[in-house]
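Contents: one structure, followed by commentary.
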Amino acid sequence: MNGILSYTFMQNALAVSVLASIAAGIMGTLVTVNRMSALAGSIAHASFGGLGLAYAAGFDPLAGATGFAVLSSLGIAAISSSSSRRSGTAMAAVWATGMATGLVFIKLSGTYAADLMSWLFGSLLAVSSRDILYAGALDVVVLLVVTVFYKEFLAVSYDGQFSRLQGVPVNLFRIVFLVLTALTAVLLMRVTGLIMVIAMLSIPPAIAEMFTGSLRRMMVLSSALAAVFSVSGLLLATVLDLPPGAVIILISALCYTVALLVDRARSARA
Amino acid sequence: MKEGPASQEKVIRLEDVTAGYQRGKPVIDGIDLEVCRNDFLAVIGPNGGGKSTLIKVILGLLEPWHGTVEVLGGPPGQAWGEVGYVPQVMPEETFPITVMDVVLMGRLKSAGRPGWFGGKDRRRAMEDLERLDVADLAYTDMNSLSGGQKQRVLIARALAGDPEILMLDEPVASVDHETQESFFNLLARMNENMTIVMVTHDVGAVSSHIKSIACINRLLVSHGDTISQETVSRAYGCPFELISHGGVPHRVLGRNDEGSRR
């Protein structure tokens, strides 16, 4: 084990895992309490279109994915603010269109399938120092924005109508929330792959919600859980020679099941 | 019912207001309504009759198709913060939030600046919880409260912003009968220096504390300090249980136009 940790690729992987967990716990908590997991999944899948375009046009895939994720989150915000009933349809359409666009572009670019797989299922062991920079910068932005505007984020999530009556620019906060979620989803694609982004954004907060009654503590606990899951998943995957993204999700799912059982036993006793 | 408000100053004024959600299907239609300072107005009417829509228009959450709305002499959006809103309690909803954090939401406008709430806001929130006899619940989880306790917390939240007008949407919907009585006593005390508008579909809630009553079923059927069984029946489109309700004072019944201010 000590031998593995001395490799740079392993150190990079650990750094990205821990840094991504911070953003994932905070944004995942907001996604969960706003009941918007489907939206996070939709944004992640839409960013696949950006990947395809980047491969076809020959620019940075991370930039392509980020661009598409942000644009799709703004598109969903526009559609769902005009009619909340349409937001489900909007998410499904964005989800599928992104994937389809990506597939077409990738076919046109003739990209080698392995590159594609790394985005779909994660490529934690191939992350670079640039990914660490992306993760670190995102953490700084997320921590700063959510700390400074904590009371507004809490209010808008709990009761948007009342927040508006208090003069809070509710739509602006919704857009900021969606854009930060989009950026976090792109980062998590490096860790678990876009197919499993939803799990990283929703399982740690779901467990945390069972054991805390405040949004702030839920954020901290979610980040801690995400870090434990991704670091332990990464190490276990390396030892067993399995794909890290998949092992991280399996560990998360196992802990979620245990937490559900514990929670049920507790409420049965009460 | 009590005597009408002494003041003639209009704090809410609606003129020919029509609003709705679907084109061609107005939920409220041509509403004229004036509310004086320190009035205690009950808005009654059947489900789907437009009571909540009327509230949303007055709050400025819904733009009317036509007509004018004035709250405290200006458009409703300008009065945000001056109007305290108590929404319906949703019993099934869960959210990781403490009672204190809910009440602090009522200080958002007063606190103004970004950042965390300060000691002054927390002390004020605590005072409002004390006023409503739920200060001991300040740091408990909102989800663990009963319907009546949640209602009190939501009122404390509305009061925390020092509103001049308090608007309540179905405040007793999830509250048992005993709690209702103490709740109305509390509202009557607050009415001494606050205008109150309360929506209810429960005519039993039209207690002896209110000063005027408006009956709405798409159109404003009546508004005044008295109401007759006939007008209520007209609003609901069927004979009404007003008679059978023992708690309604005699004055509410049978005096149709006499003394009405409209």
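The chains in the structure tokens are called A, B, ... from first to last as shown; in each chain the residues are counted from 1, and the ligands are counted from 1 in the order shown.
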
Margin query: Set the cut-off to 6 Å and count only C-alpha atoms: what are the residues of chain B that reach chain A? Output as a list in words.
Written below: Trp80, Gly81, Pro96, Ile97, Leu108, Lys109, Pro114, Gly115 and Asp141 of chain B

Residues from last step as file, N, CA and C atoms, as an mmCIF file, in the first residue's frame:
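Output below, filename out-v1.cif:
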data_model
loop_
_atom_site.group_PDB
_atom_site.id
_atom_site.type_symbol
_atom_site.label_atom_id
_atom_site.label_comp_id
_atom_site.auth_asym_id
_atom_site.auth_seq_id
_atom_site.Cartn_x
_atom_site.Cartn_y
_atom_site.Cartn_z
ATOM 1 N N TRP B 80 -42.813 44.760 -0.052
ATOM 2 C CA TRP B 80 -42.206 43.526 0.451
ATOM 3 C C TRP B 80 -41.414 43.829 1.708
ATOM 4 N N GLY B 81 -41.640 43.033 2.711
ATOM 5 C CA GLY B 81 -40.991 43.296 3.991
ATOM 6 C C GLY B 81 -41.950 43.990 4.948
ATOM 7 N N PRO B 96 -34.285 19.687 6.348
ATOM 8 C CA PRO B 96 -33.395 19.777 7.510
ATOM 9 C C PRO B 96 -33.220 21.222 7.964
ATOM 10 N N ILE B 97 -34.113 21.691 8.820
ATOM 11 C CA ILE B 97 -34.032 23.074 9.269
ATOM 12 C C ILE B 97 -34.560 23.165 10.695
ATOM 13 N N LEU B 108 -34.630 38.372 6.845
ATOM 14 C CA LEU B 108 -33.789 38.528 5.652
ATOM 15 C C LEU B 108 -33.786 39.967 5.162
ATOM 16 N N LYS B 109 -34.978 40.545 5.065
ATOM 17 C CA LYS B 109 -35.088 41.906 4.547
ATOM 18 C C LYS B 109 -34.435 42.904 5.510
ATOM 19 N N PRO B 114 -25.337 40.641 2.893
ATOM 20 C CA PRO B 114 -24.978 39.232 2.837
ATOM 21 C C PRO B 114 -24.175 38.832 4.076
ATOM 22 N N GLY B 115 -24.044 37.536 4.291
ATOM 23 C CA GLY B 115 -23.338 37.054 5.476
ATOM 24 C C GLY B 115 -24.303 36.380 6.413
ATOM 25 N N ASP B 141 -35.811 20.410 15.510
ATOM 26 C CA ASP B 141 -36.013 20.182 14.093
ATOM 27 C C ASP B 141 -37.457 20.540 13.737
#

Margin query: DSSP on the backbone: which residues in segment 155-218 of chain B end up as strand (DSSP E)? Give the answer as an MDAnalysis selection string.
Written below: chainID B and resid 165:169 195:199 212:217

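Residues within 8 Å of segment 12-20 of chain A, counting only C-alpha atoms and excluding same-chain residues fewer than 6 positions away, are Leu124, Leu125, Ala126, Val127, Ser128, Ser129, Asp131, Ile132, Ala135, Gly136, Asp139, Thr184, Leu187, Leu188, Val191, Ala227, Ser230, Val231 and Leu234 of chain A.
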
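Across the structure, atom CA of Leu168 of chain B and atom CA of Val197 of chain B are spaced 6.3 Å apart.
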
Margin query: List the spatial neighbours of Val103 of chain B as a PyMOL selection string - criterion: any atom at most 8 Å away, only C-alpha atoms, same-chain residues fewer than 4 positions off excluded.
Written below: chain B and resi 99+107+125+129+153-154+156-158+160
